[in-house]
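Beneath this line is the structure, given in structure tokens, with notes to follow.
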Amino acid sequence: MEIYAADVAIVGAGGAGLRAAIAVAEADPALRIALISKVYPMRSHTVAAEGGSAAVVQSQDSLDYHFNDTVGGGDWLCEQDVVEYFVAHCPEEMVQLEHWGCPWSRKPDGHVNVRAFGGMKIERTWFAADKTGFHMLHTLFQTSIKYPSIRRFDEHFCIDLVDADGRVQGIVAIEIRSGRFILVKAKAVIIATGGAGRVFRENTNGGIVTGDGMALAYRHGVALRDMEFMQYHPTCMPGTGLLFTEACRGEGGFLLNKDGYRYLQDYGLGPAQDKPRNKYMELGPRDRLSQAFWYEQQKGRTLSGPYGAYVDLDLRHLGKARLLERLPQIYEMAETFMGIDPAKQPIPVRPAVHYTMGGITVDGRCATSLPGLYAVGECASVGIHGANRLGSNSLAELCVFGKLAGTEAASFAKSAPSGDTKSLVARAAASQQRIEELLKNSDGSERIATLRKEMAQSMEEGCGIYRLAGSMQATCDKLMELRQRFRNIKVEDKSRVWNSNWLMAIELGYQLEVAQAIAHSAINRKESRGAHQRLDGYEKRDDVNYLKHSLAYFNADAAPRIEYGAVKITKSQPGIRAYGAAGDAAGH
Amino acid sequence: MNTPAGNGRRPYMRSMQGWWRRNTFYVEYMIHEATALFVAAYAVVLLVGLVRLSQGQAAWNAWLAALRSPGSVVFHVLVLAAISYHAWTWFQIMPRTLPPVMLKGKRLSAAAITRSGLAAAAIVTLMVFFLVRGLWA
Amino acid sequence: MARPEMQQDTEMPDSGKTIVMDVLRYRPEQDDRPVLQSYEVPFSDDMSVLQGLQYIKDYLDGSLSFRWSCRMAICGSCGMMINGRPQLACKTFLRDIYPEHVRVEALAHFPIERDLVIVMDDFIEKLESIKPYIIEKQPRPLAEGEYLQTPAERDLYEQFSSCINCMLCYAACPQYGLNPKFLGPGIIALLHRYNLDSRDAGAEQRKPLVNSEDGVYNCTAVGFCSEVCPKLVDPANAVNVNKMEAAKDYFLRLVRPRGGGK
Amino acid sequence: MSINLKRSNAPVFWLLFGAGGMLSALVGPVLVFITGIGVPLGLLLPENTLSYTHVHALAHSWIGALFLFAVVALFFWHAGHRIYHSLHDLGLHPGAGAKLVCYGVPLLATLIAVYALASMGYS
Ligand SMILES: Cc1cc2nc3c(=O)[nH]c(=O)nc-3n(C[C@H](O)[C@H](O)[C@H](O)COP(=O)(O)OP(=O)(O)OC[C@H]3O[C@@H](n4cnc5c(N)ncnc54)[C@H](O)[C@@H]3O)c2cc1C
Ligand code: SF4
Ligand code: F3S
Ligand code: FES
């Protein structure tokens with residue numbers, strides 16, 4: 001096995017991983033950084049983010065407002081001290097990106113422009129047309145090239161963490177092009193592998209968003225926190241799940257039911273006005289909007305197409321010129337994928353799974369419970385999103401906490417002793433053997449695609465927008481069954497060079513475990529909060545029993561063990577989450 | 001399968017043989033490149049004319065006479081077609097070679113640049129034609 | 001020919017129709033050279049070529065390898081030759097080819113690693129060589145806030161910053177195919193993007209690359225690169241505008257011998 | 001890094017190519033028509049358009065001489081450069097010999113044109 005000795009290994013080269021790598025390089029140029037990613041960095045799913053990234057810039061805005069929006073939006077399941085740190089550091093990180101060349105959209109006077117986003121009281125979403133994630137990712141990737149201490153391992157697939165002496169000391173990866181294994185020794189490891197949206201059927205996520213890093217940490221005893229909170233984005237393309245950014249609504253788009261009626265006013269988000277108004281109507285939070293869709297569907301007021309129910313996202317009144325300026329990608333997507341001219345026709349949309357609020361449990365400094373192991377980005381639960389993430393908070397999170405994770409890991413690496421290579425190699429060899437077994441002895445009868453599909457279907461049924469004990473239990477059972485059937489999987493392709501059949505099998509293994517963490521966390525939370533909404537007698541939020549984080553622990557072949565952890569409250573006591581006129585009345 | 005831990009990589013490089021036949025875009029490109037042969041041939045004709053001119057009236061008239069031969073006329077018809085095609089493609093490519101041309105704060109479209117190029121060629125053509133005709137008529 | 005298992009429930013509505021996809025296979029561990037393999041795939045109107053390939057991988061032949069991720073034409077992974085033209089598989093629809101066969105091959109001009117996966121080391125090396133980051137005139141402290149940049153200044157380079165590194169332009173450019181040392185359209189577009197950015201002062205440092213024997217003059221203005229670019233970057237423009245820059249530099253250096261410049 | 005940073009001398013040839021390309025696109029068609037079709041066939045143009053006196057007078061003037069020179073020389077440079085690249089396009093790997101021909105001929109033609117014009121003197 002090939003060995004590379006690094007000081008800090010970073011798994012994942014999306015926004016979070018790249019920002020962390022730069023932070024390590026700037027903290028100490030002498031530290032050797034290994035940046036490992038299963039795809040070339042610019043393919044990471046950060047590239048798909050459209051709408052924007054939050055940071056307070058306007059004079060009428062304040063950090064407190066951003067804090068309150070975030071904590072209220074998260075239904076008070078946020079770590080408030082972490083949110084305070086977050087909102088305070090967003091502006092400098094966005095400016096930093098600007099200095100690195102991010103092509104933020106501008107006002108005529110040359111200052112950065114901001115747009116409105118759901119659940120935000122004041123416009124504070126920085127944007128680069130509707131390709132914000134694309135521009136942030138490419139800016140970070142291209143900037144990272146400046147630092148000679150960052151050694152990239154592009155298209156290397158991480159299969160395991162290596163821990164010894166009670167701390168993490170490296171990772172094992174497959175070089176995809178050759179199928180060879182490599183041990184990257186490191187004194188600190190940062191996981192930045194992104195979300196797990198692909199465990200659901202209809203979703204906005206890229207094919208690579210399979211929860212790998214979550215499963216890696218989980219298997220090594222780190223709890224997955226708040227996994228039941230999966231965000232449904234209300235405006236996605238039926239069938240493919242492709243996203244039409246919230247910025248469509250930020251720019252003034254309407255959601256219409258089959259009668260052409262702006263139905264959101266029936267769900268506590270009104271009254272309806274022509275101009276977009278923060279926290280009203282279409283600019284309500286995602287969980288509320290997705291839930292309203294569900295009710296409209298129950299009432300038979302949605303439209304119906306080849307991929308089931310949908311409603312209309314109407315952008316026509318914005319006019320072609322503005323659409324092309326502010327939402328060019330949306331325009332292109334509607335035209336090429338659906339044959340629709342959004343200046344002339346409304347776009348059919350429906351909710352789809354979008355974002356994993358929960359993740360690897362870390363403290364406010366991105367450290368996990370395993371010494372030397374850090375996590376950041378969508379794979380982590382640092383505590384800012386609570387039960388429902390506000391749009392544009394997660395791109396900002398990548399930068400704020402990417403930098404923090406980098407500096408923390410750098411200082412840990414500097415003080416940690418080097419591990420004993422021999423014993424690390426032995427452990428890595430054991431991981432290698434397990435994965436090679438999966439290649440060699442996988443002539444079973446279970447097709448990867450079939451298991452994947454059954455999993456995704458079952459997750460959608462059990463852990464959708466609204467949840468019932470019965471269907472959640474069915475999902476838990478199904479997942480247990482699928483994990484058993486996984487042992488009888490078939491990997492047709494036995495070769496080594498770019499064997500994506502093999503990689504998909506490994507990913508499926510990760511996904512099944514993460515899915516279990518989600519389903520079991522969900523069935524155990526007997527209340528409704530944020531993205532977790534029940535219809536079986538637990539329709540209300542229950543702060544007495546459930547103002548706490550769920551923690552899912554890996555339990556080998558059995559179902560995960562679910563425990564709970566306290567929520568840190570500093571200055572915002574749990575209150576009523578209200579939007580629209582009711583929100584104004586409640587002083588939000 | 002036989003290379004358990006080894007390296008089975010063997011990147012395959014495809015040949016470029018006959019690439020210009022692979023799609024119509026390339027074929028057109030090769031045709032407009034080939035117009036250079038006609039430009040060259042015409043340049044030779046002109047050069048010879050220039051030399052003959054410097055050699056006096058008799059030489060010049062011989063050159064003019066040669067131009068009147070049927071072969072020469074046919075040849076020049078071909079040259080005319082080729083050079084006209086060259087001019088056409090030249091202006092098609094022109095927008096790709098210019099920095100943004102701003103007109104009243106707006107960027108001139110590629111089609112507009114091509115149109116201006118063709119218009120310029122038309123004007124120059126008429127000017128030269130009438131100059132030659134008018135001056136010596 | 002491999003037959004579809006029609007009982008499979010696909011994501012797509014079942015129209016009962018099928019389309020044939022001829023895919024160039026190359027498995028270095030068993031094939032001497034690439035060969036075409038045909039698959040019959042269920043067809044529906046809204047299916048992309050990528051979805052067709054995914055169907056093959058999921059249900060007909062798990063050993064077929066190709067890159068993809070975002071499926072929305074932004075990650076740049078899925079460039080391939082589709083009926084002889086470089087295109088993004090996720091943005092090319094079967095309905096535009098049906099009922100003809102779809103011929104899918106790895107991106108031209110790059111070595112094939114396996115099946116539809118090409119070796120992209122060359123592209124990445126070039127990307128790293130051009131200093132694709134802001135080289136500031138002088139470091140600006142974060143506390144001073146953002147650089148001011150008017151929308152017009154932004155417009156100047158915006159188009160060139162929207163390159164998704166899909167490399168379709170390289171597969172389109174015969175000059176790259178003939179001479180892989182040529183820096184090539186997409187990378188020159190990226191270089192141009194930074195040179196045009198009002199925050200950047202690195203143009204001088206990037207000049208040697210533009211001016212070099214592997215630089216802009218390899219381009220013979222074929223223009224197909226811009227024709228196939230899925231993001232309207234117009235890399236041919238970047239290359240050709242830089243020819244003029246390089247020519248200026250070539251002669252100016254004779255006038256103002258050392259350094260000079262901005 | 002394998003990128004070769006040696007400065008290319010192409011700008012010289014490229015500028016000549018470009019100038020020739022532009023000139024031939026603008027005046028090429030009309031010149032071909034006049035000299036090769038119109039005058040020989042007496043089509044649209046009077047017979048004596050290219051009479052010795054007329055053309056000699058033209059070549060004798062500064063501006064006329066410059067025009068004739070530019071047309072002849074730049075057409076050659078344009079064509080030579082393009083042909084050289086086409087050889088490369090065809091995979092014929094043009095060597096020093098081809099280069100000599102493709103750029104040597106235009107050079108020679110340029111010199112001959114200068115000589116011919118100079119021998120007529122200027123007014
Ligand atoms: C369509 C869409 C639109 C969005 N729009 C917005 C928005 O407007 N605003 C906002 O704030 N947020 C938005 N989000 C959310 C946000 O984009 C993501 O949460 C964020 O980009 C995740 O970044 P990341 O760095 O954590 O992970 P990613 O960018 O997903 O990167 C993960 C990295 O990990 C690597 N990796 C994964 N597994 C392995 C493995 N086993 N081995 C090696 N490497 C591995 C991958 O290669 C990749 O490099 C959007 C999300 C989507 C899907
Ligand atoms: S310039 Fe266009 S074709 Fe070339 S890599 Fe960039 S996006 Fe792709
Ligand atoms: S196709 Fe190639 S030759 Fe030039 S114009 Fe584009 S780089
Ligand atoms: S899959 Fe991302 S560009 Fe096609």
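Letters A, B, ... go to the chains of the structure tokens in the order shown; residues in each chain start at 1; ligands are counted from 1 in the same order.
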*Got a sec: who's within 9 Å of Val119 (chain C), counting only C-alpha atoms, leaving out chain neighbours fewer than 5 positions off, as a list of chain:residue names?*
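Neighbouring residues, sequence-local ones excluded: A:Arg177, B:Pro11, C:Phe110, C:Pro111, C:Ile112, C:Glu113, C:Arg114.
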*Cut-off 9 Å, only C-alpha atoms and all ligand atoms, neighbours of ligand 3 as a ChimeraX atom specification*: /B:93,96-97 /C:169-176,182,184-186,188,216-227,234-240
Next, dump the selected residues to file, keeping only N, CA, C and O atoms, as a compact mmCIF listing (two decimals), in the first residue's frame.
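As a result, result19.txt now contains:
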# COMPACT_ATOMS: atom_id res chain seq x y z
N ILE B 93 -15.94 34.92 -38.56
CA ILE B 93 -15.04 34.70 -37.42
C ILE B 93 -14.71 36.00 -36.70
O ILE B 93 -14.35 36.00 -35.54
N ARG B 96 -15.25 36.78 -33.03
CA ARG B 96 -14.47 36.00 -32.07
C ARG B 96 -13.09 36.59 -31.84
O ARG B 96 -12.42 36.22 -30.89
N THR B 97 -12.69 37.47 -32.74
CA THR B 97 -11.32 37.96 -32.63
C THR B 97 -11.24 39.37 -32.03
O THR B 97 -10.17 39.85 -31.76
N CYS C 169 -14.65 22.19 -25.14
CA CYS C 169 -13.93 23.00 -26.12
C CYS C 169 -12.63 22.33 -26.54
O CYS C 169 -12.18 22.49 -27.67
N TYR C 170 -12.02 21.59 -25.63
CA TYR C 170 -10.79 20.88 -26.00
C TYR C 170 -11.09 19.74 -26.97
O TYR C 170 -10.32 19.47 -27.88
N ALA C 171 -12.22 19.10 -26.72
CA ALA C 171 -12.60 18.01 -27.62
C ALA C 171 -13.02 18.56 -28.98
O ALA C 171 -13.03 17.85 -29.97
N ALA C 172 -13.36 19.85 -29.01
CA ALA C 172 -13.78 20.46 -30.27
C ALA C 172 -12.60 21.02 -31.05
O ALA C 172 -12.68 21.20 -32.26
N CYS C 173 -11.51 21.30 -30.35
CA CYS C 173 -10.42 22.03 -30.99
C CYS C 173 -9.41 21.10 -31.64
O CYS C 173 -8.66 20.40 -30.95
N PRO C 174 -9.36 21.08 -32.96
CA PRO C 174 -8.41 20.18 -33.62
C PRO C 174 -6.97 20.56 -33.31
O PRO C 174 -6.09 19.70 -33.28
N GLN C 175 -6.73 21.83 -33.08
CA GLN C 175 -5.34 22.22 -32.80
C GLN C 175 -4.87 21.62 -31.49
O GLN C 175 -3.70 21.28 -31.33
N TYR C 176 -5.78 21.47 -30.54
CA TYR C 176 -5.41 20.78 -29.30
C TYR C 176 -5.18 19.30 -29.58
O TYR C 176 -4.23 18.69 -29.07
N PHE C 182 -0.63 22.68 -26.63
CA PHE C 182 -1.37 23.94 -26.75
C PHE C 182 -2.19 24.17 -25.47
O PHE C 182 -2.93 23.30 -25.04
N GLY C 184 -4.77 25.82 -24.96
CA GLY C 184 -6.16 25.46 -25.26
C GLY C 184 -7.19 26.49 -24.86
O GLY C 184 -6.93 27.38 -24.06
N PRO C 185 -8.39 26.37 -25.44
CA PRO C 185 -9.42 27.40 -25.30
C PRO C 185 -9.89 27.65 -23.86
O PRO C 185 -9.85 28.79 -23.39
N GLY C 186 -10.34 26.62 -23.17
CA GLY C 186 -10.94 26.83 -21.85
C GLY C 186 -9.97 27.47 -20.86
O GLY C 186 -10.34 28.36 -20.09
N ILE C 188 -7.31 29.29 -21.55
CA ILE C 188 -7.02 30.67 -21.93
C ILE C 188 -8.19 31.57 -21.55
O ILE C 188 -8.01 32.71 -21.13
N VAL C 216 -1.20 31.18 -27.38
CA VAL C 216 -2.35 31.50 -28.22
C VAL C 216 -2.16 31.24 -29.72
O VAL C 216 -3.12 30.97 -30.43
N TYR C 217 -0.91 31.30 -30.19
CA TYR C 217 -0.74 31.21 -31.64
C TYR C 217 -0.90 29.80 -32.20
O TYR C 217 -0.83 29.60 -33.40
N ASN C 218 -1.15 28.85 -31.34
CA ASN C 218 -1.50 27.53 -31.87
C ASN C 218 -2.90 27.51 -32.45
O ASN C 218 -3.27 26.60 -33.18
N CYS C 219 -3.67 28.49 -32.06
CA CYS C 219 -5.06 28.55 -32.50
C CYS C 219 -5.13 29.08 -33.92
O CYS C 219 -4.51 30.09 -34.24
N THR C 220 -5.86 28.39 -34.77
CA THR C 220 -6.05 28.87 -36.14
C THR C 220 -7.48 29.35 -36.33
O THR C 220 -8.02 29.31 -37.44
N ALA C 221 -8.09 29.76 -35.25
CA ALA C 221 -9.43 30.32 -35.30
C ALA C 221 -10.46 29.38 -35.93
O ALA C 221 -11.31 29.79 -36.70
N VAL C 222 -10.37 28.13 -35.55
CA VAL C 222 -11.36 27.17 -36.02
C VAL C 222 -12.75 27.57 -35.49
O VAL C 222 -13.75 27.52 -36.21
N GLY C 223 -12.79 27.95 -34.21
CA GLY C 223 -14.03 28.48 -33.67
C GLY C 223 -15.03 27.45 -33.16
O GLY C 223 -16.04 27.81 -32.57
N PHE C 224 -14.75 26.18 -33.37
CA PHE C 224 -15.69 25.15 -32.93
C PHE C 224 -15.79 25.12 -31.40
O PHE C 224 -16.82 24.76 -30.84
N CYS C 225 -14.71 25.53 -30.76
CA CYS C 225 -14.69 25.54 -29.29
C CYS C 225 -15.87 26.36 -28.75
O CYS C 225 -16.60 25.92 -27.86
N SER C 226 -16.04 27.55 -29.30
CA SER C 226 -17.12 28.41 -28.82
C SER C 226 -18.49 27.87 -29.23
O SER C 226 -19.48 28.05 -28.54
N GLU C 227 -18.49 27.19 -30.34
CA GLU C 227 -19.72 26.61 -30.86
C GLU C 227 -20.28 25.55 -29.90
O GLU C 227 -21.49 25.46 -29.71
N ASP C 234 -17.50 31.53 -24.86
CA ASP C 234 -16.80 32.02 -26.04
C ASP C 234 -15.28 31.99 -25.86
O ASP C 234 -14.60 33.02 -25.95
N PRO C 235 -14.74 30.82 -25.63
CA PRO C 235 -13.29 30.73 -25.43
C PRO C 235 -12.50 31.17 -26.66
O PRO C 235 -11.40 31.70 -26.52
N ALA C 236 -13.07 31.00 -27.86
CA ALA C 236 -12.34 31.43 -29.06
C ALA C 236 -12.06 32.91 -28.99
O ALA C 236 -11.01 33.39 -29.43
N ASN C 237 -12.98 33.65 -28.41
CA ASN C 237 -12.77 35.08 -28.27
C ASN C 237 -11.60 35.35 -27.33
O ASN C 237 -10.73 36.16 -27.63
N ALA C 238 -11.57 34.64 -26.22
CA ALA C 238 -10.47 34.84 -25.27
C ALA C 238 -9.13 34.57 -25.95
O ALA C 238 -8.18 35.32 -25.81
N VAL C 239 -9.07 33.46 -26.70
CA VAL C 239 -7.82 33.10 -27.35
C VAL C 239 -7.42 34.16 -28.37
O VAL C 239 -6.29 34.65 -28.38
N ASN C 240 -8.36 34.56 -29.19
CA ASN C 240 -8.01 35.44 -30.30
C ASN C 240 -7.76 36.89 -29.87
O ASN C 240 -6.92 37.56 -30.45
*CA of Gly211 (chain A) and CA of Gln142 (chain A) are how many Å apart?*
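Between these atoms lies a distance of 25.5 Å.
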_Env of region 77-82 of chain B: 9 Å cut, atoms = only C-alpha atoms, seq-sep filter 5 positions within chain, self excluded. Answer as a list in words._
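Listing them by chain and then by number gives Ile31, His32, Ala34, Thr35, Ala36, Phe38, Val39, Ala41, Tyr42, Ser72 and Ala87 of chain B; Gly28, Pro29, Val30, Leu31, Val32, Phe33, Gly36 and Ile37 of chain D.
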For those residues, write C-alpha atoms to a file as a compact mmCIF listing (two decimals), in the first residue's frame.
# COMPACT_ATOMS: atom_id res chain seq x y z
CA ILE B 31 -12.51 24.62 -47.19
CA HIS B 32 -12.00 28.11 -45.93
CA ALA B 34 -8.06 26.01 -48.73
CA THR B 35 -9.10 29.40 -50.09
CA ALA B 36 -5.52 30.38 -49.29
CA PHE B 38 -6.52 30.66 -54.51
CA VAL B 39 -5.36 33.77 -52.79
CA ALA B 41 -2.49 31.90 -57.04
CA TYR B 42 -4.06 35.28 -57.51
CA SER B 72 -7.63 32.45 -67.44
CA ALA B 87 -14.39 37.03 -47.20
CA GLY D 28 -10.08 40.60 -53.01
CA PRO D 29 -13.36 39.83 -54.75
CA VAL D 30 -13.60 43.15 -56.56
CA LEU D 31 -9.98 43.04 -57.72
CA VAL D 32 -10.36 39.52 -59.05
CA PHE D 33 -13.44 40.61 -60.88
CA GLY D 36 -9.65 38.55 -64.24
CA ILE D 37 -13.22 38.84 -65.48
*asked:* Please list as a ChimeraX atom specification every residue within 12 Å of region 108-112 of chain D, counting only C-alpha atoms and excluding residues in the same chain fewer than 5 positions away.
replied: /B:40,43-52,54 /D:16,68-77,80,100-103,117-119
*Rounded to one decimal in Å, what is the spacing between CA of Gly383 (chain A) and CA of Thr570 (chain A)?*
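Straight-line distance from CA of Gly383 (chain A) to CA of Thr570 (chain A) works out to 13.1 Å.
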Enumerate residues in contact with ligand 2: an atom-to-atom distance of at most 6 Å, counting only C-alpha atoms and all ligand atoms. Format the result as an mmCIF file with N, CA, C and O atoms, in the first residue's frame.
data_model
loop_
_atom_site.group_PDB
_atom_site.id
_atom_site.type_symbol
_atom_site.label_atom_id
_atom_site.label_comp_id
_atom_site.auth_asym_id
_atom_site.auth_seq_id
_atom_site.Cartn_x
_atom_site.Cartn_y
_atom_site.Cartn_z
ATOM 1 N N CYS C 163 -17.023 29.471 -16.979
ATOM 2 C CA CYS C 163 -16.532 28.178 -17.495
ATOM 3 C C CYS C 163 -16.663 27.097 -16.422
ATOM 4 O O CYS C 163 -16.244 27.285 -15.294
ATOM 5 N N ILE C 164 -17.250 25.966 -16.795
ATOM 6 C CA ILE C 164 -17.440 24.881 -15.827
ATOM 7 C C ILE C 164 -16.372 23.792 -15.969
ATOM 8 O O ILE C 164 -16.511 22.692 -15.428
ATOM 9 N N ASN C 165 -15.322 24.073 -16.714
ATOM 10 C CA ASN C 165 -14.224 23.114 -16.899
ATOM 11 C C ASN C 165 -14.699 21.776 -17.470
ATOM 12 O O ASN C 165 -14.215 20.721 -17.070
ATOM 13 N N CYS C 166 -15.634 21.860 -18.387
ATOM 14 C CA CYS C 166 -16.174 20.609 -18.925
ATOM 15 C C CYS C 166 -15.296 20.050 -20.043
ATOM 16 O O CYS C 166 -15.452 18.906 -20.446
ATOM 17 N N MET C 167 -14.427 20.873 -20.573
ATOM 18 C CA MET C 167 -13.451 20.454 -21.584
ATOM 19 C C MET C 167 -14.060 20.115 -22.940
ATOM 20 O O MET C 167 -13.389 19.552 -23.788
ATOM 21 N N LEU C 168 -15.316 20.468 -23.136
ATOM 22 C CA LEU C 168 -15.904 20.231 -24.459
ATOM 23 C C LEU C 168 -15.109 20.987 -25.515
ATOM 24 O O LEU C 168 -14.909 20.520 -26.634
ATOM 25 N N CYS C 169 -14.649 22.187 -25.145
ATOM 26 C CA CYS C 169 -13.926 22.999 -26.120
ATOM 27 C C CYS C 169 -12.627 22.329 -26.540
ATOM 28 O O CYS C 169 -12.182 22.492 -27.670
ATOM 29 N N GLY C 186 -10.342 26.623 -23.170
ATOM 30 C CA GLY C 186 -10.941 26.829 -21.846
ATOM 31 C C GLY C 186 -9.970 27.475 -20.862
ATOM 32 O O GLY C 186 -10.344 28.362 -20.090
ATOM 33 N N CYS C 229 -19.435 25.196 -26.606
ATOM 34 C CA CYS C 229 -19.398 25.550 -25.179
ATOM 35 C C CYS C 229 -20.815 25.630 -24.612
ATOM 36 O O CYS C 229 -21.632 26.400 -25.094
ATOM 37 N N PRO C 230 -21.109 24.850 -23.571
ATOM 38 C CA PRO C 230 -22.475 24.831 -23.054
ATOM 39 C C PRO C 230 -22.804 26.053 -22.201
ATOM 40 O O PRO C 230 -23.946 26.245 -21.809
ATOM 41 N N LYS C 231 -21.810 26.866 -21.896
ATOM 42 C CA LYS C 231 -22.042 28.000 -20.997
ATOM 43 C C LYS C 231 -21.792 29.337 -21.669
ATOM 44 O O LYS C 231 -21.634 30.354 -20.995
ATOM 45 N N VAL C 233 -19.272 30.692 -22.977
ATOM 46 C CA VAL C 233 -18.062 31.375 -22.512
ATOM 47 C C VAL C 233 -17.357 32.079 -23.674
ATOM 48 O O VAL C 233 -16.712 33.102 -23.490
ATOM 49 N N PRO C 235 -14.736 30.816 -25.627
ATOM 50 C CA PRO C 235 -13.288 30.725 -25.428
ATOM 51 C C PRO C 235 -12.501 31.172 -26.658
ATOM 52 O O PRO C 235 -11.402 31.697 -26.516
#
